[in-house]
>>> print(open('data_38.csv').read())   # CSV, C-alpha atoms
chain,number,residue,atom,x,y,z
A,9,MET,CA,1.5,-4.2,-29.6
A,10,GLU,CA,0.4,-3.6,-33.2
A,11,ASN,CA,-2.9,-2.1,-32.0
A,12,GLN,CA,-1.2,0.4,-29.8
A,13,THR,CA,-0.6,3.6,-31.7
A,14,GLY,CA,1.7,5.6,-29.6
A,15,TRP,CA,-0.6,6.6,-26.8
A,16,PRO,CA,1.2,4.4,-24.2
A,17,ASP,CA,4.4,6.3,-25.0
A,18,GLN,CA,2.6,9.6,-24.7
A,19,LEU,CA,1.2,8.4,-21.4
A,20,PHE,CA,4.7,7.6,-20.2
A,21,ASP,CA,5.8,11.2,-21.0
A,22,VAL,CA,2.9,12.5,-19.0
A,23,ILE,CA,3.9,10.3,-16.0
A,24,LYS,CA,7.4,11.7,-16.2
A,25,ALA,CA,6.3,15.3,-16.6
A,26,ALA,CA,4.0,14.8,-13.5
A,27,GLU,CA,7.0,13.6,-11.5
A,28,ILE,CA,5.4,10.4,-10.6
A,29,LYS,CA,8.1,8.3,-8.9
A,30,GLN,CA,6.3,5.1,-7.9
A,31,VAL,CA,4.2,3.1,-10.3
A,32,GLY,CA,2.2,0.2,-8.9
A,33,TYR,CA,0.7,-2.4,-11.3
A,34,VAL,CA,-0.6,-5.8,-11.8
A,35,PRO,CA,0.6,-7.1,-15.2
A,36,ASP,CA,-1.9,-6.2,-17.9
A,37,ALA,CA,-1.9,-6.5,-21.7
A,38,GLY,CA,-3.4,-3.0,-22.2
A,39,HIS,CA,-0.7,-1.4,-20.0
A,40,ALA,CA,2.1,-3.6,-21.2
A,41,ARG,CA,4.0,-0.9,-23.1
A,42,LEU,CA,3.7,1.7,-20.4
A,43,ILE,CA,4.8,-0.8,-17.7
A,44,GLU,CA,7.9,-1.7,-19.9
A,45,ARG,CA,8.7,2.0,-20.2
A,46,CYS,CA,8.4,2.5,-16.4
A,47,LYS,CA,10.5,-0.5,-15.7
A,48,ALA,CA,13.3,0.8,-18.0
A,49,ASP,CA,13.3,4.2,-16.3
A,50,ASN,CA,15.8,4.6,-13.4
A,51,ASP,CA,13.8,7.4,-11.9
A,52,ILE,CA,10.6,5.5,-11.6
A,53,ARG,CA,10.2,2.7,-9.1
A,54,ASP,CA,8.0,0.0,-10.6
A,55,VAL,CA,6.2,-2.0,-8.0
A,56,VAL,CA,4.6,-5.2,-9.1
A,57,LEU,CA,1.6,-5.9,-6.9
A,58,SER,CA,-0.1,-9.2,-6.0
A,59,THR,CA,-3.5,-7.5,-5.9
A,60,GLU,CA,-4.6,-4.0,-7.0
A,61,GLU,CA,-5.6,-2.8,-3.5
A,62,GLU,CA,-1.9,-2.9,-2.5
A,63,GLY,CA,-1.3,0.0,-5.0
A,64,ILE,CA,-3.7,2.2,-3.1
A,65,ALA,CA,-1.9,1.8,0.2
A,66,LEU,CA,1.4,2.1,-1.7
A,67,ALA,CA,0.3,5.5,-3.1
A,68,ALA,CA,-0.7,6.6,0.4
A,69,GLY,CA,2.7,5.7,1.8
A,70,ALA,CA,4.6,7.3,-1.1
A,71,TRP,CA,2.7,10.5,-0.5
A,72,LEU,CA,3.5,10.4,3.2
A,73,GLY,CA,7.1,10.3,2.1
A,74,GLY,CA,6.6,13.2,-0.4
A,75,GLN,CA,6.4,11.2,-3.6
A,76,ARG,CA,3.7,10.9,-6.2
A,77,SER,CA,2.5,7.5,-7.3
A,78,ALA,CA,0.2,6.1,-9.9
A,79,LEU,CA,-1.7,2.8,-10.0
A,80,LEU,CA,-2.1,1.0,-13.3
A,81,MET,CA,-4.8,-1.7,-13.5
A,82,GLN,CA,-7.5,-3.4,-15.5
A,83,SER,CA,-11.2,-2.9,-14.9
A,84,SER,CA,-11.5,-6.2,-13.0
A,85,GLY,CA,-9.0,-4.8,-10.5
A,86,VAL,CA,-11.3,-2.0,-9.4
A,87,GLY,CA,-13.3,-4.6,-7.5
A,88,ASN,CA,-10.3,-5.5,-5.5
A,89,CYS,CA,-9.8,-1.9,-4.3
A,90,ILE,CA,-13.1,-0.9,-2.7
A,91,ASN,CA,-12.4,-0.9,1.0
A,92,MET,CA,-8.8,0.3,0.6
A,93,LEU,CA,-10.2,3.4,-1.1
A,94,SER,CA,-11.5,4.5,2.3
A,95,LEU,CA,-7.9,5.2,3.2
A,96,ILE,CA,-7.7,7.7,0.4
A,97,GLN,CA,-11.0,9.4,1.2
A,98,ALA,CA,-10.6,9.4,5.0
A,99,CYS,CA,-7.1,11.0,4.8
A,100,ARG,CA,-7.8,12.9,1.6
A,101,PHE,CA,-4.8,11.5,-0.1
A,102,PRO,CA,-4.2,12.4,-3.8
A,103,PHE,CA,-4.7,9.3,-5.9
A,104,LEU,CA,-4.3,8.7,-9.6
A,105,THR,CA,-5.2,5.4,-11.3
A,106,ILE,CA,-5.2,4.6,-15.0
A,107,ILE,CA,-7.6,1.7,-15.9
A,108,THR,CA,-7.7,-0.3,-19.1
A,109,MET,CA,-11.3,-1.4,-19.7
A,110,ARG,CA,-12.3,-5.0,-20.5
A,111,GLY,CA,-15.8,-6.4,-20.9
A,112,GLU,CA,-17.3,-3.5,-22.9
A,113,TRP,CA,-16.3,-3.8,-26.6
A,114,ALA,CA,-16.1,-7.0,-28.6
A,115,GLU,CA,-15.3,-8.9,-25.4
A,116,PHE,CA,-14.8,-12.6,-25.8
A,117,ASN,CA,-14.8,-13.5,-22.1
A,118,PRO,CA,-18.2,-13.0,-20.4
A,119,TRP,CA,-16.6,-13.1,-16.9
A,120,GLN,CA,-15.1,-9.7,-17.6
A,121,VAL,CA,-18.5,-8.1,-18.1
A,122,PRO,CA,-20.0,-7.8,-14.6
A,123,MET,CA,-17.0,-5.9,-13.1
A,124,SER,CA,-16.6,-3.8,-16.2
A,125,GLN,CA,-20.2,-2.6,-15.7
A,126,ALA,CA,-19.6,-1.9,-12.1
A,127,VAL,CA,-16.4,0.2,-12.6
A,128,GLU,CA,-17.9,3.6,-12.9
A,129,PRO,CA,-20.6,3.4,-10.3
A,130,SER,CA,-18.2,1.7,-7.8
A,131,LEU,CA,-15.6,4.3,-8.2
A,132,ALA,CA,-18.1,7.1,-7.9
A,133,ALA,CA,-19.5,5.5,-4.8
A,134,CYS,CA,-16.0,5.5,-3.3
A,135,GLY,CA,-15.5,9.2,-4.0
A,136,VAL,CA,-13.2,8.8,-7.0
A,137,LYS,CA,-13.7,11.2,-9.9
A,138,VAL,CA,-13.8,9.4,-13.2
A,139,TYR,CA,-12.6,10.5,-16.7
A,140,ARG,CA,-13.1,8.3,-19.7
A,141,VAL,CA,-11.1,8.2,-22.9
A,142,ASP,CA,-12.2,6.7,-26.2
A,143,ASP,CA,-9.9,8.7,-28.6
A,144,PRO,CA,-6.2,7.9,-28.5
A,145,ASP,CA,-5.5,11.5,-29.3
A,146,GLU,CA,-7.0,12.5,-25.9
A,147,VAL,CA,-5.2,10.1,-23.7
A,148,ALA,CA,-2.2,12.3,-22.8
A,149,GLU,CA,-4.2,15.4,-22.2
A,150,THR,CA,-6.8,13.6,-20.1
A,151,VAL,CA,-4.2,11.9,-17.9
A,152,GLU,CA,-2.3,15.2,-17.5
A,153,ALA,CA,-5.5,16.9,-16.4
A,154,ALA,CA,-6.2,13.9,-14.0
A,155,ALA,CA,-2.8,14.2,-12.5
A,156,ASP,CA,-3.1,17.9,-12.0
A,157,LEU,CA,-6.5,17.4,-10.3
A,158,ALA,CA,-5.2,14.6,-8.1
A,159,PHE,CA,-1.9,16.1,-6.9
A,160,ASN,CA,-2.8,19.7,-6.8
A,161,SER,CA,-6.3,19.4,-5.2
A,162,ASP,CA,-5.7,16.2,-3.1
A,163,LEU,CA,-8.5,14.3,-4.9
A,164,SER,CA,-8.7,10.8,-6.2
A,165,VAL,CA,-9.1,10.5,-10.0
A,166,ALA,CA,-9.4,7.5,-12.3
A,167,VAL,CA,-8.9,7.6,-16.0
A,168,LEU,CA,-10.7,4.8,-17.9
A,169,LEU,CA,-9.1,3.8,-21.2
A,170,SER,CA,-11.9,2.3,-23.3
A,171,GLN,CA,-11.6,-1.2,-24.7
A,172,LYS,CA,-12.5,0.0,-28.1
A,173,MET,CA,-9.5,2.3,-28.1
A,174,ILE,CA,-7.1,-0.3,-26.7
A,175,GLY,CA,-8.2,-2.9,-29.2
A,176,ARG,CA,-9.5,-6.4,-29.2
A,177,LYS,CA,-7.6,-9.1,-27.3
A,178,LYS,CA,-6.5,-11.8,-29.7
A,179,TRP,CA,-7.6,-15.1,-28.3
A,180,VAL,CA,-6.3,-17.4,-31.1
A,181,LYS,CA,-2.7,-16.8,-32.3
B,5,MET,CA,4.5,-14.7,27.7
B,6,LEU,CA,5.1,-11.1,26.6
B,7,GLU,CA,2.6,-8.5,27.3
B,8,ARG,CA,1.9,-6.2,24.4
B,9,ARG,CA,2.1,-2.8,26.1
B,10,ALA,CA,5.4,-3.7,27.8
B,11,ALA,CA,6.6,-5.1,24.5
B,12,ILE,CA,5.9,-2.0,22.5
B,13,ALA,CA,7.5,0.1,25.2
B,14,CYS,CA,10.6,-1.9,25.0
B,15,LEU,CA,10.8,-1.7,21.2
B,16,MET,CA,10.4,2.0,21.2
B,17,ALA,CA,12.5,2.8,24.4
B,18,SER,CA,15.5,3.9,22.4
B,19,ARG,CA,13.6,4.9,19.2
B,20,PRO,CA,15.8,6.9,16.9
B,21,LYS,CA,14.5,10.3,15.6
B,22,ASP,CA,14.4,8.9,12.0
B,23,LEU,CA,12.2,5.9,12.8
B,24,PHE,CA,8.6,6.3,11.5
B,25,VAL,CA,6.0,3.8,12.5
B,26,VAL,CA,2.8,2.7,10.7
B,27,PRO,CA,0.7,0.8,13.3
B,28,GLY,CA,-2.1,-1.4,11.9
B,29,LEU,CA,-5.8,-1.1,12.4
B,30,GLY,CA,-6.8,-2.1,15.9
B,31,SER,CA,-4.7,-3.0,18.9
B,32,THR,CA,-1.3,-2.0,17.5
B,33,THR,CA,-2.6,1.5,16.9
B,34,TYR,CA,-3.7,1.6,20.6
B,35,ASP,CA,-0.3,0.1,21.6
B,36,MET,CA,1.6,2.9,19.8
B,37,ALA,CA,-0.8,5.6,21.2
B,38,SER,CA,-0.2,4.2,24.7
B,39,LEU,CA,3.4,5.6,24.4
B,40,GLY,CA,2.0,9.1,23.7
B,41,GLU,CA,0.5,10.3,20.4
B,42,LYS,CA,3.3,11.3,18.0
B,43,ASP,CA,3.6,13.0,14.7
B,44,GLN,CA,6.0,10.2,13.6
B,45,ASP,CA,3.3,7.6,13.9
B,46,PHE,CA,0.6,7.1,11.2
B,47,TYR,CA,-2.2,5.5,13.1
B,48,LEU,CA,-4.6,3.4,11.1
B,49,TRP,CA,-8.3,3.3,11.9
B,50,GLY,CA,-9.2,1.3,8.8
B,51,ALA,CA,-7.6,0.0,5.6
B,52,MET,CA,-7.2,-3.4,7.1
B,53,GLY,CA,-4.5,-5.3,5.2
B,54,GLY,CA,-2.8,-2.1,4.0
B,55,ALA,CA,-0.3,-1.3,6.8
B,56,THR,CA,2.6,-3.1,5.1
B,57,MET,CA,2.0,-1.5,1.7
B,58,ILE,CA,1.8,2.0,3.3
B,59,GLY,CA,5.2,1.2,4.9
B,60,LEU,CA,6.6,0.1,1.6
B,61,GLY,CA,5.5,3.2,-0.2
B,62,LEU,CA,7.0,5.4,2.5
B,63,ALA,CA,10.3,3.4,2.7
B,64,LEU,CA,10.7,3.6,-1.1
B,65,ALA,CA,10.0,7.3,-1.2
B,66,ARG,CA,12.4,8.1,1.7
B,67,PRO,CA,15.5,5.9,1.8
B,68,ASN,CA,16.9,8.2,4.4
B,69,VAL,CA,14.4,7.3,7.1
B,70,LYS,CA,13.6,4.0,8.8
B,71,VAL,CA,10.1,2.7,8.6
B,72,ALA,CA,8.5,0.1,11.0
B,73,VAL,CA,5.1,-1.3,10.3
B,74,VAL,CA,3.8,-2.7,13.6
B,75,THR,CA,0.7,-4.6,13.1
B,76,GLY,CA,-1.3,-7.6,14.3
B,77,ASP,CA,-1.6,-11.1,13.0
B,78,GLY,CA,-5.2,-10.6,11.6
B,79,GLU,CA,-4.2,-7.4,9.8
B,80,MET,CA,-1.1,-9.1,8.4
B,81,LEU,CA,-3.1,-12.1,7.2
B,82,MET,CA,-5.5,-9.9,5.3
B,83,GLY,CA,-2.5,-8.3,3.4
B,84,MET,CA,-0.4,-11.4,3.1
B,85,GLY,CA,0.2,-10.8,-0.6
B,86,SER,CA,2.0,-7.6,0.3
B,87,LEU,CA,4.8,-9.7,1.8
B,88,ALA,CA,5.3,-11.1,-1.7
B,89,THR,CA,5.4,-7.5,-3.0
B,90,VAL,CA,7.9,-6.4,-0.3
B,91,GLY,CA,9.9,-9.5,-1.1
B,92,VAL,CA,10.4,-8.3,-4.6
B,93,GLN,CA,11.3,-4.7,-3.6
B,94,ARG,CA,13.3,-5.4,-0.4
B,95,PRO,CA,13.9,-1.8,0.8
B,96,PRO,CA,16.7,-1.9,3.4
B,97,ASN,CA,14.9,0.7,5.5
B,98,LEU,CA,11.6,-1.3,6.1
B,99,ALA,CA,10.8,-3.5,9.0
B,100,ILE,CA,7.5,-5.4,9.5
B,101,VAL,CA,6.8,-6.4,13.1
B,102,VAL,CA,3.8,-8.5,13.7
B,103,PHE,CA,2.3,-8.7,17.2
B,104,ASP,CA,0.9,-12.1,17.2
B,105,ASN,CA,-1.7,-13.0,19.9
B,106,GLN,CA,-3.3,-15.5,17.5
B,107,ARG,CA,-6.6,-13.6,18.0
B,108,TYR,CA,-8.8,-11.0,16.4
B,109,GLY,CA,-8.8,-8.7,19.4
B,110,GLU,CA,-11.1,-6.1,18.0
B,111,THR,CA,-14.0,-8.4,17.4
B,112,GLY,CA,-14.0,-10.6,20.5
B,113,MET,CA,-10.8,-12.5,20.6
B,114,GLN,CA,-11.7,-15.1,18.0
B,115,ALA,CA,-8.9,-17.4,16.9
B,116,SER,CA,-6.9,-16.3,13.9
B,117,HIS,CA,-5.1,-18.6,11.3
B,118,THR,CA,-1.9,-18.3,13.3
B,119,ASP,CA,-3.6,-20.1,16.2
B,120,ARG,CA,-4.2,-23.0,13.8
B,121,GLY,CA,-0.6,-23.3,12.7
B,122,VAL,CA,-0.1,-20.7,10.0
B,123,ASP,CA,3.5,-19.5,10.3
B,124,LEU,CA,3.9,-15.9,9.3
B,125,VAL,CA,7.7,-15.9,9.6
B,126,ALA,CA,7.9,-18.9,7.2
B,127,VAL,CA,5.6,-17.0,4.8
B,128,ALA,CA,7.9,-13.9,5.0
B,129,ARG,CA,11.0,-16.0,4.4
B,130,ALA,CA,9.4,-17.8,1.5
B,131,CYS,CA,8.5,-14.4,0.0
B,132,GLY,CA,12.2,-13.5,-0.1
B,133,ILE,CA,12.6,-11.5,3.1
B,134,ALA,CA,15.9,-13.0,4.3
B,135,GLN,CA,16.2,-11.3,7.7
B,136,THR,CA,13.5,-12.7,10.0
B,137,LEU,CA,13.2,-12.9,13.7
B,138,GLU,CA,11.0,-14.9,16.1
B,139,VAL,CA,10.6,-13.1,19.4
B,140,GLN,CA,9.3,-15.0,22.4
B,141,ASP,CA,11.0,-13.2,25.4
B,142,GLN,CA,12.6,-10.1,26.7
B,143,ALA,CA,16.0,-10.9,25.2
B,144,GLY,CA,14.4,-11.3,21.8
B,145,LEU,CA,12.6,-7.9,22.2
B,146,GLU,CA,15.8,-6.2,23.0
B,147,LYS,CA,17.5,-7.8,20.0
B,148,LEU,CA,14.6,-6.5,17.8
B,149,ALA,CA,14.8,-3.0,19.3
B,150,GLY,CA,18.5,-3.0,18.3
B,151,LEU,CA,17.7,-4.1,14.8
B,152,LEU,CA,15.0,-1.4,14.4
B,153,GLY,CA,17.4,1.3,15.6
B,154,GLY,CA,20.1,0.4,13.0
B,155,LEU,CA,17.9,-1.0,10.2
B,156,LYS,CA,20.1,-2.1,7.2
B,157,GLU,CA,18.1,-4.8,5.5
B,158,THR,CA,14.3,-5.6,5.1
B,159,LEU,CA,13.2,-7.2,8.4
B,160,PHE,CA,10.2,-9.3,9.3
B,161,ALA,CA,9.7,-10.1,13.0
B,162,ARG,CA,7.0,-11.9,14.8
B,163,VAL,CA,6.5,-11.1,18.4
B,164,ARG,CA,4.5,-13.7,20.2
B,165,ILE,CA,2.3,-11.9,22.8
B,166,LYS,CA,-0.3,-12.8,25.3
B,167,ALA,CA,-3.9,-12.7,24.2
B,168,GLU,CA,-5.2,-9.8,26.3
B,169,ASN,CA,-7.2,-6.6,25.8
B,170,PRO,CA,-5.5,-3.8,27.8
B,171,PRO,CA,-7.4,-0.5,28.1
B,172,ARG,CA,-7.6,1.2,24.7
B,173,VAL,CA,-5.7,4.4,24.1
B,174,LEU,CA,-7.2,6.2,21.2
B,175,PRO,CA,-5.2,8.6,19.0
B,176,SER,CA,-6.8,11.1,16.7
B,177,ARG,CA,-9.2,9.6,14.1
B,178,ASP,CA,-9.0,12.6,11.8
B,179,GLY,CA,-7.2,11.1,8.8
B,180,VAL,CA,-6.3,14.5,7.2
B,181,GLU,CA,-4.7,15.6,10.5
B,182,LEU,CA,-2.8,12.4,10.8
B,183,LYS,CA,-1.6,12.7,7.2
B,184,LEU,CA,-0.5,16.3,7.4
B,185,ARG,CA,1.4,16.1,10.6
B,186,PHE,CA,3.1,12.8,9.6
B,187,ARG,CA,4.1,14.2,6.3
B,188,LYS,CA,5.6,17.3,7.9
B,189,ALA,CA,7.5,15.2,10.3
B,190,VAL,CA,9.0,13.1,7.5
B,191,ALA,CA,9.9,16.2,5.5
B,192,ALA,CA,11.6,17.7,8.6
B,193,VAL,CA,14.2,14.9,8.5
B,194,GLY,CA,15.4,16.5,5.3
>>> encode(input="data_38.csv", output="structure tokens")
Amino acid sequence: MENQTGWPDQLFDVIKAAEIKQVGYVPDAGHARLIERCKADNDIRDVVLSTEEEGIALAAGAWLGGQRSALLMQSSGVGNCINMLSLIQACRFPFLTIITMRGEWAEFNPWQVPMSQAVEPSLAACGVKVYRVDDPDEVAETVEAAADLAFNSDLSVAVLLSQKMIGRKKWVK
Amino acid sequence: MLERRAAIACLMASRPKDLFVVPGLGSTTYDMASLGEKDQDFYLWGAMGGATMIGLGLALARPNVKVAVVTGDGEMLMGMGSLATVGVQRPPNLAIVVFDNQRYGETGMQASHTDRGVDLVAVARACGIAQTLEVQDQAGLEKLAGLLGGLKETLFARVRIKAENPPRVLPSRDGVELKLRFRKAVAAVG
């Protein structure tokens, strides 16, 4: 976690302030700290998913029950979500996802690159508004704005956290 | 063998006011609509593989209501990983009922994996859902109806039904309308 300079904790505070009660996730290095904070919080139900699309249906169900939900995932997970996003658009569910990017900055694994490049156009094609953050000082404000837009305007919004900001993955320990 | 419309009618005959149903894409949506379109049912016209997770999100959000996902074998197969996710959460107010005709009814009755031996009850059990039920006959249906009425533990049930295509009964396809009226009905429980 040495390369994470406090923005995950700020992000957690934003999630709390936005009264998000269900957090769906597939384990992810970039989101590790935030996921730990969510798991430790008694007011947040952390739901570990077997694939990212489950988190979209989870968010729809939570909203039907009057709760707000967020989906944490990595850029590769966006590709698993495409058809399920039609549920969000057809019913105009509010939807918030926070995505850690791979395959775009000093990437070691070339298999991460194709989906990384497809993230923004795919989300846009599915009707999801996309914000991108490169500066750690802007993470909290951006996610706050994204949550407001999603839950107050019944829109789907994704925040992409750039790989440059998150830091390089260390492959050799 | 059980007929699907009679089976759904039996399961919902003594439906409590606090039971909300998420029917899956295809025949189970028509089955629920055959009982009359209701605010308490969130009919799916897409999102194949998502019915169980919608039910999970709802059940976790509202521990004071009962939630039944009623879906087909094909829809369940597409979201089989969600049984693992439910197995981790195990909300006591969630039931998953699979109407298994071993066919993809919507696309021409092609055989599904369950026709070739895939056992969804065994999958559910292996995922940590302890309360499971195999329903083959009227007595089994009545037992399942009773369990749905007094749901106290995550339940997975497979109802073996005849492969048939009864006349379609189509509920609203307007997702926004379905969402708003369902949400209002849940909120009304308090």
>>> closest_residue(input="data_38.csv", among="A:Val34, A:Ile106, A:Val86, A:Met92", to="Thr59 in chain A", atoms="all atoms listed in the file")
A:Val34
>>> interface_residues(input="data_38.csv", of="chain A", to="chain B", cutoff="7 Å", atoms="all atoms listed in the file", output="ChimeraX atom specification")
/A:56-58,62,65-70,72-75,91-92,94-95,98-100
>>> residues_around(input="data_38.csv", residues="Arg76 in chain A", least_positions_apart="5", cutoff="6 Å", atoms="all atoms listed in the file", output="MDAnalysis selection string")
chainID A and resid 28:29 71
>>> residues_around(input="data_38.csv", residues="Lys137 in chain A", least_positions_apart="3", cutoff="8 Å", atoms="all atoms listed in the file", output="list in words")
Leu131, Ala132, Leu163, Ser164, Val165 and Ala166 of chain A
>>> closest_residue(input="data_38.csv", among="A:Leu104, A:Gln82, A:Ser77, A:Lys24", to="Ala155 in chain A", atoms="only C-alpha atoms")
A:Leu104
>>> atom_distance(input="data_38.csv", atom1="CA of Pro20 in chain B", atom2="CA of Asp35 in chain B")
18.1 Å
>>> atom_distance(input="data_38.csv", atom1="CA of Gly109 in chain B", atom2="CA of Glu168 in chain B")
7.9 Å
>>> residues_around(input="data_38.csv", residues="Thr32 in chain B", least_positions_apart="3", cutoff="7 Å", atoms="only C-alpha atoms", output="NGL selection string")
:B and (27-29 or 35-36 or 74-76)
>>> residues_around(input="data_38.csv", residues="Ile133 in chain B", least_positions_apart="6", cutoff="8 Å", atoms="only C-alpha atoms", output="list of chain:residue names")
B:Val90, B:Gly91, B:Arg94, B:Thr158, B:Leu159, B:Phe160
>>> residues_near_point(input="data_38.csv", point="(-8.6, -11.8, 17.2)", cutoff="10 Å", atoms="all atoms listed in the file", output="number ranges by chain")
B: 30-31, 76-79, 104-117, 119, 167-168
>>> atom_distance(input="data_38.csv", atom1="CA of Arg9 in chain B", atom2="CA of Thr118 in chain B")
20.5 Å
>>> closest_residue(input="data_38.csv", among="A:Gly85, A:Asn117, A:Phe103, A:Trp15", to="Gln30 in chain A", atoms="only C-alpha atoms")
A:Phe103
>>> residues_around(input="data_38.csv", residues="Thr108 in chain A", least_positions_apart="6", cutoff="7 Å", atoms="only C-alpha atoms", output="JSON, numbers by chain")
{"A": [38, 81, 82, 83, 168, 169, 170, 171]}
>>> closest_residue(input="data_38.csv", among="B:Glu146, B:Asp22, B:Glu138, B:Glu157", to="Asp45 in chain B", atoms="only C-alpha atoms")
B:Asp22
>>> residues_near_point(input="data_38.csv", point="(-0.3, 4.3, 25.4)", cutoff="10 Å", atoms="all atoms listed in the file", output="list in words")
Arg9, Ile12, Ala13, Thr33, Tyr34, Asp35, Met36, Ala37, Ser38, Leu39, Gly40, Glu41, Pro170, Pro171, Arg172, Val173, Leu174 and Pro175 of chain B
>>> closest_residue(input="data_38.csv", among="A:Val147, A:Gly32, A:Glu60, A:Met109", to="Lys47 in chain A", atoms="only C-alpha atoms")
A:Gly32
